Amino acid sequence: MANENKANKQPLPTLSAADFAPVDINQHESEVIKRESLTAWRDTWERLRSNKIAMGGLVVLVLIVIGAIIGPLIAQWVHGYNYKSNDLSATNQPPSSLHWFGTDDLGRDMFVRTWMGARISLIIGLAAALIDLLIGVIYGGIMGYFGGRVDTIMNKFSEILYAIPYLLVTILLLVVLKPSLGTIILALTITGWINMSWIVRGEIMKLKNREYVLASRSMGAGTGRLLFRHLLPNASGPIIVTLTLSVPNAIFAESFLSFLGLGVQAPISSLGSMVENALTGWMFFPWRMLFPALLISIIMLAFNLLGDGLRDALDPSLKNK
Amino acid sequence: MKKKSWMMLLTLILVIGTVLAGCGSAKETATTDSGTKTEEGTKDTGTATEPAATDADLAADQTLHLNLSAEPPTLDPAQAQDSQSNTALRFMYEGLATINAEGQPAPGAAEKWDISEDGLKYTFHMREGATWSNGDPVTANDFVYAWQRVLSPETTPAPVYAYQLYYIKGAEDFNTGKTKDFASVGIKAVDEKTLEVELTNPTPYFLGLTSFYTYYPVHKASVEADQAWAADPAKMVTNGPFTLSSWTAGSELQWTKNDKYWDAANIKLTNVTASVVNSGATETASYQGGEIDYAGAPTGEIPTDQIQPLSQQLPDEFKLTDIASTYYYEFNTKAEPFNNAKIRKAFAMSIDRKSLIENVTKAGQTPAFGFVPTSIAGLNGEKFRQTYPDSGYFKEDAAEAKKLLEEGMKEAGYTTLPPITLLYNTSENHQKLALAVADMWEKNLGVTIQTKNEEWSVFLESRKTGNYQIARAGWTADYDDPMTFIDMFKTGGGNNTAFFSNAEYDKLIDAAYKGGNDPEKRMQDLAAAEKILIQDEMAIMPVYYYTQASLTKPYLKGVTTDFSGAINFNHAYLENH
Amino acid sequence: MARYITTKFLYTLLSLFILITATFFLMKAIPGDPFMSEKEVPAPIRARLEAQYGLDKPEIVQYVNYLGNILQGDLGISMKKLNQEVSHIIGQTFGVSLRLGLIAVVVSTIIGVALGLLAALYHRKMIDSVVMVLAVLGIAVPSFVLASLIQYLFGLKLHWFPITGLKDVLGYVLPVAALSAQPIAFIARLTRSSMLEVLHADYIKTAKAKGLKWPAILWKHVIRNGILPVVTYVGPMTANVITGSVVIERIFGIGGIGKVYVDSITNRDYTMIMGITLFYGIILMFARFVTDIVYVLVDPRIKLTSSKEG
C-alpha cells in the first residue's frame, strides 16, 4: 500500500488530444459474460484443483481407499492369505517376499490385515465424522443463531450429555445391541457431535452481528437463508478444520474402545486396535506397529491437507487472494 | 507453488521418520528371534535357597523397589480377596504359621502346635516375645478377635472370604446367622498364650491355611477405634516384619522395617517402595531402566509379546514358575450343542495344546489334560499330578475328534451344528488364545466359530447366568490340595458355571470332605472325581497349567514364591551392585 | 453481569441434577455389580453386603438416598476401595491430574497460538509450511504411539527423563510432551485459520488505512478477533485434560483420576462412578461458563444475551 501511495505522487506525463482515439463499442458484446458462469460448488472445485497440496491429499486418500478395497484381495490372490486364518508356524515374521508386511503374533499376514484394518477404520472414521458434522452443524447453528434461552437450554443439554460417562453408555449399547460396526459408530457419535456443535455455535455467535448479516436480514432474508447462505459458509473454515479432525478422533476413539474391549470384535480389527495390540512389543516386532501406524498417519495427513485446501477453497472471504 | 510440493514431501518423510525411529533400534533384536525358537528360560520349581550373604556383600541402601499392577483395594486382612492385597499384607502381618522357603508350614506367630489324633483339634502355642508394632504382645485373644470379626454377621462390609474359615467347627452356621452364639464356634483362647481350634472335618491342609491372609490377626484396640483404620497408615498396628509408612492413593505405597518384629534381626530390607503402574510394557521398561528390582507376576505382568525376547536378552534374570492355576474352557453343559458329551470331547481333542503354548502363550506352560495343576501337593511329598498323571484322560487326535463329533451330532440329531460362539473376557492374551483355538476347531472339525469378547463384569454375569455356550475360564488354588479344584463342579455349587451335574461325582466329593483321616482313600476319591469330570464327561476343556514369568535383578536375593505363585519378599536382600 | 451469572448458576445446578439422575439409572442398567468376582460370593454374604450398602432397596429408594447424601456434601464410601472416602480418593488423584493437565494446557496454548500466529503472518512462506508440517504431524501420530516412542527413546535408551512417575520436575517432561502434542497441533491450525480470516477482514484494512501502527493492529484487532475459536477449544480441552488421560496415565504410570474413573466403571464401584461423574460435570460446566465469560471479554460484539432476554 505504501508503494501505491508513492506511485500516485509521481508527475503525470503530458498528453495531447492526438493521443486518444475513439473505440468502437458494440453494445451487445459488452453485455456478454466472458468468464464461464460457475456454481458455488464448481467454483470451489476449480479452486481446490489448483491447490496441488490438497489434490495430493485427495489422491493419497483415493489410493488408500482403493488399497482398502483391493489390498486384501491381492494378497489372497497371490498367496492365498485371508485376514483371520492363523499360521502358528510363522508367528512374528519380519517382512519378506512371502509376507510383504510381515506376520503378527498369530502368524496372520500383516498386509491383508493392515488393509482390512484401513477398511474398518475408514468406515468408522468417515461415518462417525459425517454424523457428527450433520448433527453438530444443525444443533450448533440453532444454538448460535437463536441465542438467548434456546441457546442456554440446548447448551446445557449438550453439556449434560458430554458429562455422562461415555463408557457406561458404550457398555450399555454393546449389551443391548449386538456388537457390530454400527453399534461402535453409534457409540462414537453419541457424544462425538458435541464438540462440533460448540465450534459452530461460537462461530455463528461471532458472525451473526456482522454487517453483511444485518444487511441481509434487513432486506428480509429468512432464518434458513441467513444460516445457510451467510453464516455457515462463513464459518466453514473452523467447521472443516474440526471435521478433518473428527475423522482421526473417531479412529483413535475406536482404538481406545478396543483397548477396553469395547471396540470391533476380533478377528476383525481396525488400524487403531492393531497398533494397540502391537504396542507392548513394538521394540521387538516393529513391523507389527509400523505399517498400521504409518497408514493411520498417512490417512490423517491426507485428511488434513485436503481439509486445509477445502477450507481455502470454500471460504468466500479468501476468494481471489 | 513449487515450495508447496516439497512441503508435502517433507511431511511424509517426517511421518515415516517418526514411526521408523523405533525400527532401527529394534532390528538387532529382531534378527536373533527370526529363525530359531529356543526354549525360554529355565523353569523353577518355586522355591529358592541361596547361601546367605555376608554383611559385606550387602548394598548400603536396603530399599526394595517394586511395582504393583493394581492398587490393593484394601489392607484389612478380613476384607482382602486378591493377589495385590496378598503381597501388600504379607509385609505387614504374620499368621500362626508361615510358609517357608521349602513351601512347608513353619512357625510364625505361633511357636509350635499340637494336632489331635483325629485331626480335628489344633492347639497353637503363641510365640514368646511376638509383639505388635506398637509393642503390645500378640496373644491368642487377638486371633480369636480377628477370626470372630471375619465371621461375624455384624462386620461391615461383610467379609467375602469368611468362607475360607468354614473349616472351623460352627463357623459357617455363625457366619450365615444360623447360630448367634460365638461360643458354638470352635475357636477358643485357653489363655493369653494358647489357642484352641476345632474343625468340622479333618483337614490335612489346615496348617497351610493359617498362613493365609484371612487368618491374620488384627489389633483390637486400633480396629475398634476407627472404622477406616485400614486406609490410614498412621492408624494401622500390625505384627509383620514391615509397617506401612505411607500410601498415596493410586500412586505409591511404602513400608519400613518393623523393629518390634520378633525376627527383626533376620530382616535385611529397611524399606520397600511399591509404585502402582498397570501397564506391563511400562513395568518392563521401568525394570530395564533400573527403577524397580522385580517385574512380572504375581505383582505385575510381562506382556506376552515381550516374554520370548526378554528371556533371551536377560536369561539370568528371567524366570518361569509353575503356579497352582489352570486355564480351561468351560462348556455350558445345559446349552446346545455342548449338552452332548461326545461333542464336548471332540472339541477338547481337536486342539494342539503344545503348539498353542509354543506359539501363542509362549510362557512355557504345561499342556493340561486334567484339572488339578502340577504344583498342587499330593501325599508323601509327591505332587498330586505325579501320583495321578493326567495323560490317560484323553488324547489330542483330530481324526478321532472328527469322528466323535459326527457320532455326537447323530446322537443329538443335528445335521449341521448350531452356530457356536466362544466367549472370553477382554484381554489381549485371552483374545489371542481364543482366536487360535477357534482357528484350530475350524480347521480340524470343519465347524464355524464366532469369537466374542465381553467386558469383565458383563462376562461374569454371562457365565453365571449360563448365557454362553463355551467360555474362557481360569481357576487358582485357595489352598495346597486338589480339593480346591475338584469340588468346584458339585451339583449346584456356586462356582459351577458349567452347570455340570453327576451323582457319582458328588458322592466322591462328599466322601473326600469327610475322609481326612484316610488320606490315601481321600486322594483316590478326588482322582476318581477328576476322571469323571474330564475323561467321562469333559465338562471342561483343560488348556494349560499356568506359569508366571518374572524378572529379578541379579543383586536381589532371597525372594520366594509358594505353590500358588504368591510371592514373599520378607527375607529378601540387595547385594552390592 | 450479576444477573447473568446467577441465571447461569441456576441452570448449572439443574444440569447437574439431570446429569446425576441420568448417570445413576444408566449405571444401574448395565450388567454386573461391585461384588462380582470370579469366585462366587456365597449367597448369605452377598445378601449382607447388599444390605450394608443399601443395594437391596428398590432403585428409586437408592436414588433418593444418594441425592440426600450429596445434598449433605457426602459422596459416600467407595464400594471397591474399602473404607476409603470417595472424596479422599478424588482429592488425591485429581491433584495429580490437575497439575499435569494445567501444565499441558499452558504449554500447548502458548506454543500453539504462537505457531499459528507465525504461520498466519507469514502465510505461504517457509515458516507457514514448517508450522503446518509440525501441526499435521502432531495430529497424525496417535498419542499412545507417541508416548511409547518418547518413553522408550528418552527414558529407557537415553536416560534423560524418568520412565515412570512424576517424582520430580524431569518426570513431567515426557507426559506433558505426549499430552500436548495433539492440542498444540490443533491450536496452531485453529489459530492460523482464524487469524488468516481476520487478517483479510475489511476492518484490518481500515485500520491500516487509518495509519494505525502494526503492533497495535495486531494486538487490538487481529489477536482479539482471531483468538475466539481458540478460546472455544481451550475451555473444554482444559476440562478434558485436567480430568486425566487414561492412556497417558497408563503408559507413564501416573496415579491420576483418569485411571481411577475407568477402573470404577469396570469395577462397578457405584459410589465412585457417581462421585467422579458429578465432579467431572462440575469441572466441565465451570469450564464452559468461564469460556463464555472470556468470550465476552475478548469480543465486545458478543452480548450476554441471556441477561437481556432471560
# chains A, B, ... in the order shown; residues from 1 in each chain; ligands from 1
$ interface_residues --of "chain B" --to "chain C" --cutoff "7 Å" --atoms "only C-alpha atoms" --output "ChimeraX atom specification"
/B:7,11,15,22,73-74,156-158,160,176,228,231,249-251,276-279,282,285-286,289,457-458,460-461,494-495
$ interface_residues --of "chain A" --to "chain C" --cutoff "6 Å" --atoms "only C-alpha atoms" --output "NGL selection string"
:A and (148 or 160 or 163 or 172 or 297 or 300-301)
$ write_last_selection --atoms "N, CA and C atoms" --output "compact mmCIF listing (two decimals), in the first residue's frame"
# COMPACT_ATOMS: atom_id res chain seq x y z
N GLY A 148 -29.96 -16.62 23.42
CA GLY A 148 -30.94 -16.49 24.49
C GLY A 148 -31.27 -17.79 25.17
N ILE A 160 -24.66 -31.73 29.54
CA ILE A 160 -25.03 -32.91 30.33
C ILE A 160 -24.62 -34.18 29.59
N ALA A 163 -21.08 -34.80 29.75
CA ALA A 163 -20.54 -35.18 31.06
C ALA A 163 -20.94 -36.59 31.48
N LEU A 172 -23.42 -50.17 27.83
CA LEU A 172 -24.86 -50.47 27.75
C LEU A 172 -25.28 -50.73 26.31
N SER A 297 -1.22 -42.57 10.10
CA SER A 297 -0.61 -41.25 9.96
C SER A 297 -0.84 -40.69 8.56
N MET A 300 -4.41 -39.55 8.23
CA MET A 300 -4.59 -38.28 8.95
C MET A 300 -4.01 -37.13 8.14
N LEU A 301 -2.79 -37.37 7.66
CA LEU A 301 -2.07 -36.36 6.89
C LEU A 301 -2.90 -35.95 5.68
$ interface_residues --of "chain A" --to "chain B" --cutoff "6 Å" --atoms "only C-alpha atoms" --output "VMD selection string"
chain A and resid 88 261 280 to 281 283 to 284 286
$ closest_atom_pairs --of "region 247-313 of chain A" --to "region 47-55 of chain A" --cutoff "10 Å" --atoms "only C-alpha atoms" --output "CSV"
residue,atom,partner,partner_atom,distance
A:Ala302,CA,A:Ala54,CA,8.0
A:Phe303,CA,A:Ala54,CA,8.9
A:Asn304,CA,A:Ala54,CA,8.6
A:Leu305,CA,A:Ala54,CA,5.2
A:Leu306,CA,A:Ala54,CA,4.3
A:Gly307,CA,A:Ala54,CA,7.4
A:Asp308,CA,A:Ala54,CA,7.0
A:Gly309,CA,A:Ala54,CA,4.8
A:Leu310,CA,A:Leu48,CA,6.3
A:Arg311,CA,A:Leu48,CA,9.1
A:Asp312,CA,A:Leu48,CA,7.9
A:Ala313,CA,A:Arg47,CA,5.4
$ write_last_selection --atoms "N, CA and C atoms" --output "PDB file, in the first residue's frame"
ATOM      1  N   ALA A 302      -3.355 -36.925   4.956  1.00  0.00           N
ATOM      2  CA  ALA A 302      -4.110 -36.656   3.743  1.00  0.00           C
ATOM      3  C   ALA A 302      -5.391 -35.902   4.064  1.00  0.00           C
ATOM      4  N   PHE A 303      -6.070 -36.315   5.123  1.00  0.00           N
ATOM      5  CA  PHE A 303      -7.300 -35.630   5.505  1.00  0.00           C
ATOM      6  C   PHE A 303      -7.030 -34.174   5.848  1.00  0.00           C
ATOM      7  N   ASN A 304      -5.925 -33.954   6.544  1.00  0.00           N
ATOM      8  CA  ASN A 304      -5.623 -32.593   6.950  1.00  0.00           C
ATOM      9  C   ASN A 304      -5.253 -31.713   5.773  1.00  0.00           C
ATOM     10  N   LEU A 305      -4.449 -32.251   4.876  1.00  0.00           N
ATOM     11  CA  LEU A 305      -4.066 -31.454   3.708  1.00  0.00           C
ATOM     12  C   LEU A 305      -5.297 -31.142   2.873  1.00  0.00           C
ATOM     13  N   LEU A 306      -6.121 -32.143   2.694  1.00  0.00           N
ATOM     14  CA  LEU A 306      -7.342 -31.931   1.925  1.00  0.00           C
ATOM     15  C   LEU A 306      -8.241 -30.921   2.639  1.00  0.00           C
ATOM     16  N   GLY A 307      -8.313 -31.053   3.951  1.00  0.00           N
ATOM     17  CA  GLY A 307      -9.162 -30.150   4.730  1.00  0.00           C
ATOM     18  C   GLY A 307      -8.696 -28.707   4.599  1.00  0.00           C
ATOM     19  N   ASP A 308      -7.383 -28.510   4.667  1.00  0.00           N
ATOM     20  CA  ASP A 308      -6.850 -27.159   4.507  1.00  0.00           C
ATOM     21  C   ASP A 308      -7.223 -26.586   3.152  1.00  0.00           C
ATOM     22  N   GLY A 309      -7.033 -27.412   2.127  1.00  0.00           N
ATOM     23  CA  GLY A 309      -7.348 -26.953   0.780  1.00  0.00           C
ATOM     24  C   GLY A 309      -8.821 -26.611   0.651  1.00  0.00           C
ATOM     25  N   LEU A 310      -9.655 -27.475   1.217  1.00  0.00           N
ATOM     26  CA  LEU A 310     -11.095 -27.244   1.156  1.00  0.00           C
ATOM     27  C   LEU A 310     -11.475 -25.950   1.855  1.00  0.00           C
ATOM     28  N   ARG A 311     -10.842 -25.732   2.971  1.00  0.00           N
ATOM     29  CA  ARG A 311     -11.144 -24.522   3.728  1.00  0.00           C
ATOM     30  C   ARG A 311     -10.839 -23.288   2.872  1.00  0.00           C
ATOM     31  N   ASP A 312      -9.639 -23.316   2.256  1.00  0.00           N
ATOM     32  CA  ASP A 312      -9.265 -22.185   1.416  1.00  0.00           C
ATOM     33  C   ASP A 312     -10.233 -22.039   0.259  1.00  0.00           C
ATOM     34  N   ALA A 313     -10.626 -23.183  -0.299  1.00  0.00           N
ATOM     35  CA  ALA A 313     -11.466 -23.134  -1.487  1.00  0.00           C
ATOM     36  C   ALA A 313     -12.893 -22.707  -1.150  1.00  0.00           C
TER      37      ALA A 313
END
$ residues_around --residues "Tyr546 (chain B)" --least-positions-apart "2" --cutoff "12 Å" --atoms "only C-alpha atoms" --output "VMD selection string"
chain B and resid 297 to 298 320 to 328 357 361 to 368 371 to 375 474 to 477 542 to 544 548 to 549 563 to 565
$ select_by_dssp --residues "region 44-199 of chain C" --states "helix (DSSP H, G or I)" --output "PyMOL selection string"
chain C and resi 44-52+59-71+86-121+126-140+143-157+169-199
$ write_last_selection --atoms "C-alpha atoms" --output "CSV table (one decimal), in the first residue's frame"
chain,number,residue,atom,x,y,z
C,44,PRO,CA,-25.7,-65.1,52.6
C,45,ILE,CA,-22.6,-63.0,52.5
C,46,ARG,CA,-23.7,-61.3,49.3
C,47,ALA,CA,-27.1,-60.5,50.8
C,48,ARG,CA,-25.5,-58.9,53.8
C,49,LEU,CA,-23.2,-56.8,51.6
C,50,GLU,CA,-26.1,-55.6,49.6
C,51,ALA,CA,-28.0,-54.7,52.7
C,52,GLN,CA,-25.0,-52.9,54.2
C,59,GLU,CA,-33.5,-48.4,42.8
C,60,ILE,CA,-35.7,-45.4,43.3
C,61,VAL,CA,-35.1,-45.5,47.1
C,62,GLN,CA,-31.3,-45.9,46.5
C,63,TYR,CA,-31.5,-42.9,44.2
C,64,VAL,CA,-33.3,-40.7,46.7
C,65,ASN,CA,-30.9,-41.7,49.4
C,66,TYR,CA,-28.0,-40.9,47.2
C,67,LEU,CA,-29.4,-37.4,46.4
C,68,GLY,CA,-29.9,-36.9,50.1
C,69,ASN,CA,-26.3,-37.7,50.8
C,70,ILE,CA,-25.0,-35.5,48.1
C,71,LEU,CA,-27.0,-32.6,49.4
C,86,VAL,CA,-14.8,-41.2,47.5
C,87,SER,CA,-13.9,-37.5,48.2
C,88,HIS,CA,-10.5,-38.5,49.6
C,89,ILE,CA,-9.6,-40.6,46.5
C,90,ILE,CA,-10.8,-37.9,44.2
C,91,GLY,CA,-8.8,-35.3,46.1
C,92,GLN,CA,-5.6,-37.3,46.0
C,93,THR,CA,-5.8,-38.4,42.4
C,94,PHE,CA,-7.3,-35.2,40.9
C,95,GLY,CA,-4.4,-33.2,42.4
C,96,VAL,CA,-2.0,-35.2,40.3
C,97,SER,CA,-4.1,-34.9,37.1
C,98,LEU,CA,-4.7,-31.2,37.6
C,99,ARG,CA,-1.0,-30.3,37.9
C,100,LEU,CA,-0.1,-32.4,34.9
C,101,GLY,CA,-3.1,-31.1,32.9
C,102,LEU,CA,-2.6,-27.4,33.7
C,103,ILE,CA,1.0,-27.6,32.6
C,104,ALA,CA,0.0,-29.3,29.4
C,105,VAL,CA,-2.8,-26.7,28.8
C,106,VAL,CA,-0.4,-23.7,29.3
C,107,VAL,CA,2.3,-25.3,27.2
C,108,SER,CA,0.0,-26.2,24.4
C,109,THR,CA,-1.8,-22.9,24.3
C,110,ILE,CA,1.3,-20.8,24.3
C,111,ILE,CA,3.1,-22.9,21.7
C,112,GLY,CA,0.0,-23.5,19.6
C,113,VAL,CA,-1.1,-19.8,19.4
C,114,ALA,CA,2.5,-18.6,18.8
C,115,LEU,CA,2.9,-21.2,16.0
C,116,GLY,CA,-0.5,-20.4,14.5
C,117,LEU,CA,0.1,-16.7,14.5
C,118,LEU,CA,3.5,-17.1,13.0
C,119,ALA,CA,2.1,-19.2,10.2
C,120,ALA,CA,-0.7,-16.7,9.5
C,121,LEU,CA,1.6,-13.7,9.4
C,126,MET,CA,8.6,-21.0,4.6
C,127,ILE,CA,7.6,-20.6,8.3
C,128,ASP,CA,4.0,-21.3,7.4
C,129,SER,CA,4.9,-24.6,5.7
C,130,VAL,CA,7.1,-25.7,8.6
C,131,VAL,CA,4.5,-24.9,11.2
C,132,MET,CA,1.8,-26.7,9.2
C,133,VAL,CA,4.0,-29.8,8.8
C,134,LEU,CA,4.6,-29.9,12.5
C,135,ALA,CA,0.9,-29.4,13.2
C,136,VAL,CA,-0.1,-32.1,10.8
C,137,LEU,CA,2.4,-34.5,12.4
C,138,GLY,CA,1.1,-33.7,15.8
C,139,ILE,CA,-2.3,-34.8,14.7
C,140,ALA,CA,-1.2,-37.7,12.6
C,143,SER,CA,-0.8,-40.1,21.3
C,144,PHE,CA,-0.3,-43.6,22.6
C,145,VAL,CA,2.2,-44.3,19.9
C,146,LEU,CA,4.0,-41.0,20.5
C,147,ALA,CA,4.0,-41.6,24.3
C,148,SER,CA,5.5,-45.1,23.9
C,149,LEU,CA,8.1,-43.9,21.4
C,150,ILE,CA,9.4,-41.0,23.5
C,151,GLN,CA,9.3,-43.1,26.7
C,152,TYR,CA,11.5,-45.7,25.0
C,153,LEU,CA,13.8,-43.2,23.4
C,154,PHE,CA,14.3,-40.5,26.1
C,155,GLY,CA,13.6,-42.7,29.1
C,156,LEU,CA,14.9,-46.1,28.5
C,157,LYS,CA,17.6,-45.6,25.9
C,169,VAL,CA,10.3,-31.8,37.5
C,170,LEU,CA,12.0,-34.1,34.9
C,171,GLY,CA,9.3,-36.6,35.4
C,172,TYR,CA,6.8,-34.1,34.0
C,173,VAL,CA,8.6,-33.6,30.7
C,174,LEU,CA,7.6,-36.7,28.8
C,175,PRO,CA,4.0,-36.9,29.9
C,176,VAL,CA,3.5,-33.2,29.2
C,177,ALA,CA,5.0,-33.6,25.8
C,178,ALA,CA,2.8,-36.6,25.0
C,179,LEU,CA,-0.3,-34.8,26.3
C,180,SER,CA,0.4,-31.5,24.5
C,181,ALA,CA,1.4,-32.8,21.0
C,182,GLN,CA,-2.2,-33.0,19.7
C,183,PRO,CA,-3.5,-29.8,21.3
C,184,ILE,CA,-0.5,-27.8,20.1
C,185,ALA,CA,-1.2,-29.0,16.6
C,186,PHE,CA,-4.9,-28.4,16.9
C,187,ILE,CA,-4.5,-24.9,18.4
C,188,ALA,CA,-1.9,-23.9,15.8
C,189,ARG,CA,-4.2,-24.9,13.0
C,190,LEU,CA,-7.2,-23.2,14.5
C,191,THR,CA,-5.2,-20.0,15.2
C,192,ARG,CA,-3.7,-19.9,11.8
C,193,SER,CA,-7.1,-20.4,10.1
C,194,SER,CA,-8.8,-17.9,12.2
C,195,MET,CA,-6.1,-15.3,12.1
C,196,LEU,CA,-5.9,-15.6,8.3
C,197,GLU,CA,-9.6,-14.8,8.1
C,198,VAL,CA,-9.1,-11.8,10.4
C,199,LEU,CA,-6.1,-10.6,8.5
$ atom_distance --atom1 "CA of Lys178 (chain B)" --atom2 "CA of Gln164 (chain B)"
17.7 Å
